[in-house]
Amino acid sequence: MHDTPMLDQLEGGPWPSFITGLKRLAKDNDMMVDLLGQLEHSYETRKGFWKGGTVGVFGYGGGIIPRFSEVASKFPDSAEFHTLRIQPPAGMHYSTDLLRQMCDVWEKHGSGLVAFHGQSGDIMFQGIRTDKVQAAFDEFNEMGFDLGGAGPAVRTSMSCIGHARCEQSCYDTARAHRDIVNTFLDDMHRPALPYKFKFKFSGCPNDCMNSVQRADMAVIGTWRDDMQVDQAEVKAFVASKGRQYVVDNVLTRCPTKCLSLNDDNTLAVDNRNCVRCMHCINVMTKALKPGNDRGVTVLIGGKRTLKIGDLFGTVVVPFMKLESQEDMDSLREIAQNTIDFFAENALEHERTGEMIDRIGLVNFLEGIGLEVDPHMIEYPRISSYVRMDGWDEEAAKWNERKAG
């Protein structure tokens with residue numbers, strides 16, 4: 001083992017340290033020994049020493065993250081430390097037996113270091129030499145797993161557990177996830193876009209997949225009728241917690257003040273002003289739940305900081321049902337049109353949200369074949385549009401004044 005005084009300090013705090021995990025793996029793996037040595041060297045010099053390159057498996061253009069060390073002479077066993085991105089099952093359902101099999105494959109071929117999951121949803125198998133990549137992938141593939149997206153491609157999608165275990169889920173996230181992945185699998189394996197494109201599927205407005213701020217196309221479950229209220233459970237909740245607790249932790253925290261508590265401890269809901277924030281439902285789970293007319297809202301353009309800073313997705317489909325195959329076909333068409341338009345019109349290294357910011361939302365909507373709708377909002381309760389009736393007449397008057 002290398003001396004690692006600076007890394008050792010990271011184990012001294014009150015919280016579990018990743019250094020402890022790396023040291024545990026290093027007991028049986030020389031690659032992890034030199035990885036710790038290189039990491040200590042980076043801390044000493046305040047500089048990273050990894051560079052990219054080209055590593056792949058037969059038939060694929062992406063899915064492997066190449067990492068070559070610039071200080072390989074000092075740390076030869078970590079000279080190559082590539083990452084395999086493996087697509088998880090929709091909803092991230094695993095059996096313990098399957099997890100053990102995956103760990104066995106990685107201990108056999110790689111470093112043993114695994115991350116569940118990356119921001120695009122992939123299982124990140126970190127640390128493998130070039131000559132071992134194909135053999136490791138072949139074993140994962142035999143288990144039924146495939147490589148995820150990497151580079152300027154459609155990335156691996158993420159979905160919450162949805163209908164499988166969550167009572168708040170408003171649509172079948174796993175089905176939508178799998179359908180979209182199967183549709184765009186070639187775009188994941190063979191990068192051909194200006195930059196990356198991410199799908200994420202959240203079953204309700206809690207958005208457990210962080211899709212609104214991370215996904216180029218976010219599909220979030222919602223409802224368009226009244227929230228369901230079980231007044232008997234409301235009374236039981238008030239009796240258990242007290243009226244003041246309900247006022248402080250439910251009513252006053254409603255962003256639109258659409259809740260009130262009646263004298264008989266029943267709840268009155270102004271559904272017209274409800275913005276589906278889910279707070280009251282999360283607190284009073286037995287008493288409240290989403291309405292019966294359920295579907296999804298589709299947002300485009302969410303991303304983290306790149307060229308123009310962080311962006312939340314913008315609503316392009318305020319509500320659509322997602323139950324029948326025809327509904328899935330409509331969602332797939334929107335996704336295909338969006339990716340095609342992105343491929344043709346985005347600049348290199350530009351995300352979808354940045355492209356929309358550059359060309360304008362109306363031009364984007366026209367390009368993907370969607371009509372402008374006043375419900376398409378960028379910020380809650382603020383419409384992005386003005387009334388369009390009489391627009392041509394007003395434009396003609398403006399032109400006359402300009403000419404005069």
# chains A, B, ... in the order shown; residues from 1 in each chain; ligands from 1
call {"tool": "select_by_dssp", "arguments": {"residues": "range 25-164 of chain A", "states": "alpha helix (DSSP H)", "output": "PyMOL selection string"}}
result
chain A and resi 25-26+30-45+96-109+130-142
call {"tool": "select_by_dssp", "arguments": {"residues": "range 147-328 of chain A", "states": "strand (DSSP E or B)", "output": "PyMOL selection string"}}
result
chain A and resi 147+154+158-159+197+199-202+217-223+228-229+259-261+267-269+288-289+294-300+303+311+314-320
call {"tool": "residues_around", "arguments": {"residues": "Val57 in chain A", "least_positions_apart": "3", "cutoff": "8 Å", "atoms": "only C-alpha atoms", "output": "PyMOL selection string"}}
result
chain A and resi 60-61+133-134+137
call {"tool": "residues_around", "arguments": {"residues": "Met32 in chain A", "least_positions_apart": "5", "cutoff": "7 Å", "atoms": "only C-alpha atoms", "output": "PyMOL selection string"}}
result
chain A and resi 22+25-26+111
call {"tool": "closest_residue", "arguments": {"among": "A:Phe342, A:Trp223, A:Phe116, A:Phe319", "to": "Ile356 in chain A", "atoms": "only C-alpha atoms"}}
result
A:Phe342
call {"tool": "residues_around", "arguments": {"residues": "range 15-20 of chain A", "least_positions_apart": "2", "cutoff": "12 Å", "atoms": "only C-alpha atoms", "output": "ChimeraX atom specification"}}
result
/A:4-13,22-27,32-33,35-37,39-40,113-115
call {"tool": "closest_residue", "arguments": {"among": "A:Gln228, A:Thr266, A:Gln325, A:Thr314", "to": "Glu354 in chain A", "atoms": "only C-alpha atoms"}}
result
A:Thr314
call {"tool": "closest_atom_pairs", "arguments": {"of": "range 47-128 of chain A", "to": "range 169-179 of chain A", "cutoff": "12 Å", "atoms": "only C-alpha atoms", "output": "CSV"}}
result
residue,atom,partner,partner_atom,distance
A:Gln87,CA,A:Arg178,CA,11.0
A:Pro88,CA,A:Arg178,CA,10.6
A:Pro89,CA,A:Arg178,CA,8.5
A:Ala90,CA,A:Ala174,CA,5.0
A:Gly91,CA,A:Ala174,CA,5.7
A:Met92,CA,A:Ala174,CA,9.1
A:His93,CA,A:Ala174,CA,10.0
A:Gly121,CA,A:His177,CA,11.6
call {"tool": "write_last_selection", "arguments": {"atoms": "N, CA and C atoms", "output": "PDB file, in the first residue's frame"}}
result
ATOM      1  N   GLN A  87     -26.984  -0.633 -18.427  1.00  0.00           N
ATOM      2  CA  GLN A  87     -28.349  -0.169 -18.217  1.00  0.00           C
ATOM      3  C   GLN A  87     -29.036  -0.984 -17.125  1.00  0.00           C
ATOM      4  N   PRO A  88     -29.690  -0.302 -16.193  1.00  0.00           N
ATOM      5  CA  PRO A  88     -30.424  -1.013 -15.144  1.00  0.00           C
ATOM      6  C   PRO A  88     -31.800  -1.426 -15.646  1.00  0.00           C
ATOM      7  N   PRO A  89     -32.475  -2.328 -14.956  1.00  0.00           N
ATOM      8  CA  PRO A  89     -33.878  -2.608 -15.302  1.00  0.00           C
ATOM      9  C   PRO A  89     -34.741  -1.398 -14.971  1.00  0.00           C
ATOM     10  N   ALA A  90     -35.844  -1.240 -15.712  1.00  0.00           N
ATOM     11  CA  ALA A  90     -36.763  -0.131 -15.462  1.00  0.00           C
ATOM     12  C   ALA A  90     -37.255  -0.177 -14.029  1.00  0.00           C
ATOM     13  N   GLY A  91     -37.244   0.970 -13.361  1.00  0.00           N
ATOM     14  CA  GLY A  91     -37.653   1.024 -11.972  1.00  0.00           C
ATOM     15  C   GLY A  91     -36.591   0.529 -11.014  1.00  0.00           C
ATOM     16  N   MET A  92     -35.429   0.109 -11.568  1.00  0.00           N
ATOM     17  CA  MET A  92     -34.296  -0.366 -10.761  1.00  0.00           C
ATOM     18  C   MET A  92     -34.684  -1.530  -9.852  1.00  0.00           C
ATOM     19  N   HIS A  93     -35.320  -2.520 -10.429  1.00  0.00           N
ATOM     20  CA  HIS A  93     -35.685  -3.738  -9.699  1.00  0.00           C
ATOM     21  C   HIS A  93     -34.558  -4.759  -9.834  1.00  0.00           C
ATOM     22  N   GLY A 121     -28.583   7.116 -14.813  1.00  0.00           N
ATOM     23  CA  GLY A 121     -29.240   5.896 -14.401  1.00  0.00           C
ATOM     24  C   GLY A 121     -28.402   4.648 -14.505  1.00  0.00           C
TER      25      GLY A 121
END
call {"tool": "residues_around", "arguments": {"residues": "Met188 in chain A", "least_positions_apart": "3", "cutoff": "9 Å", "atoms": "only C-alpha atoms", "output": "JSON, numbers by chain"}}
result
{"A": [61, 62, 63, 147, 148, 149, 150, 151, 152, 153, 154, 155, 156, 181, 184, 185, 191, 192]}
call {"tool": "write_last_selection", "arguments": {"atoms": "N, CA and C atoms", "output": "tab-separated table (two decimals), in the first residue's frame"}}
result
chain	number	residue	atom	x	y	z
A	61	GLY	N	-20.68	1.86	-30.34
A	61	GLY	CA	-19.87	3.06	-30.45
A	61	GLY	C	-19.75	3.81	-29.15
A	62	GLY	N	-20.49	3.40	-28.13
A	62	GLY	CA	-20.46	4.08	-26.83
A	62	GLY	C	-20.65	3.08	-25.71
A	63	GLY	N	-20.83	3.60	-24.51
A	63	GLY	CA	-21.08	2.75	-23.36
A	63	GLY	C	-19.88	2.53	-22.47
A	147	LEU	N	-25.14	-2.34	-22.61
A	147	LEU	CA	-24.44	-1.08	-22.34
A	147	LEU	C	-25.39	0.10	-22.43
A	148	GLY	N	-25.14	1.11	-21.63
A	148	GLY	CA	-25.91	2.34	-21.67
A	148	GLY	C	-25.28	3.36	-22.59
A	149	GLY	N	-25.87	4.55	-22.63
A	149	GLY	CA	-25.38	5.60	-23.50
A	149	GLY	C	-24.18	6.32	-22.92
A	150	ALA	N	-23.33	6.80	-23.81
A	150	ALA	CA	-22.17	7.61	-23.41
A	150	ALA	C	-21.79	8.48	-24.60
A	151	GLY	N	-21.23	9.65	-24.32
A	151	GLY	CA	-20.87	10.55	-25.41
A	151	GLY	C	-22.08	11.30	-25.93
A	152	PRO	N	-21.98	11.86	-27.16
A	152	PRO	CA	-23.10	12.63	-27.74
A	152	PRO	C	-24.19	11.71	-28.26
A	153	ALA	N	-24.94	11.13	-27.33
A	153	ALA	CA	-25.93	10.11	-27.67
A	153	ALA	C	-27.14	10.23	-26.77
A	154	VAL	N	-28.21	9.48	-27.10
A	154	VAL	CA	-29.30	9.30	-26.14
A	154	VAL	C	-28.75	8.52	-24.96
A	155	ARG	N	-28.95	9.04	-23.77
A	155	ARG	CA	-28.41	8.40	-22.58
A	155	ARG	C	-29.42	7.41	-21.99
A	156	THR	N	-28.92	6.57	-21.10
A	156	THR	CA	-29.77	5.61	-20.42
A	156	THR	C	-30.87	6.35	-19.65
A	181	VAL	N	-36.73	3.22	-24.27
A	181	VAL	CA	-35.39	2.64	-24.42
A	181	VAL	C	-35.33	1.76	-25.66
A	184	PHE	N	-35.16	3.88	-28.87
A	184	PHE	CA	-33.96	4.68	-29.16
A	184	PHE	C	-32.66	3.94	-28.81
A	185	LEU	N	-32.71	2.63	-28.80
A	185	LEU	CA	-31.54	1.86	-28.43
A	185	LEU	C	-30.36	2.11	-29.37
A	191	PRO	N	-23.32	6.88	-30.90
A	191	PRO	CA	-23.47	8.33	-30.72
A	191	PRO	C	-23.44	9.09	-32.04
A	192	ALA	N	-24.50	9.88	-32.29
A	192	ALA	CA	-24.57	10.64	-33.54
A	192	ALA	C	-25.31	11.96	-33.36
call {"tool": "residues_around", "arguments": {"residues": "Asn262 in chain A", "least_positions_apart": "4", "cutoff": "12 Å", "atoms": "only C-alpha atoms", "output": "ChimeraX atom specification"}}
result
/A:231,234-235,238,243,246-247,251,266-269
call {"tool": "atom_distance", "arguments": {"atom1": "CA of His82 in chain A", "atom2": "CA of Asp97 in chain A"}}
result
25.5 Å
call {"tool": "closest_residue", "arguments": {"among": "A:Gly301, A:Thr130, A:Asn206, A:Ala215", "to": "Cys280 in chain A", "atoms": "only C-alpha atoms"}}
result
A:Asn206
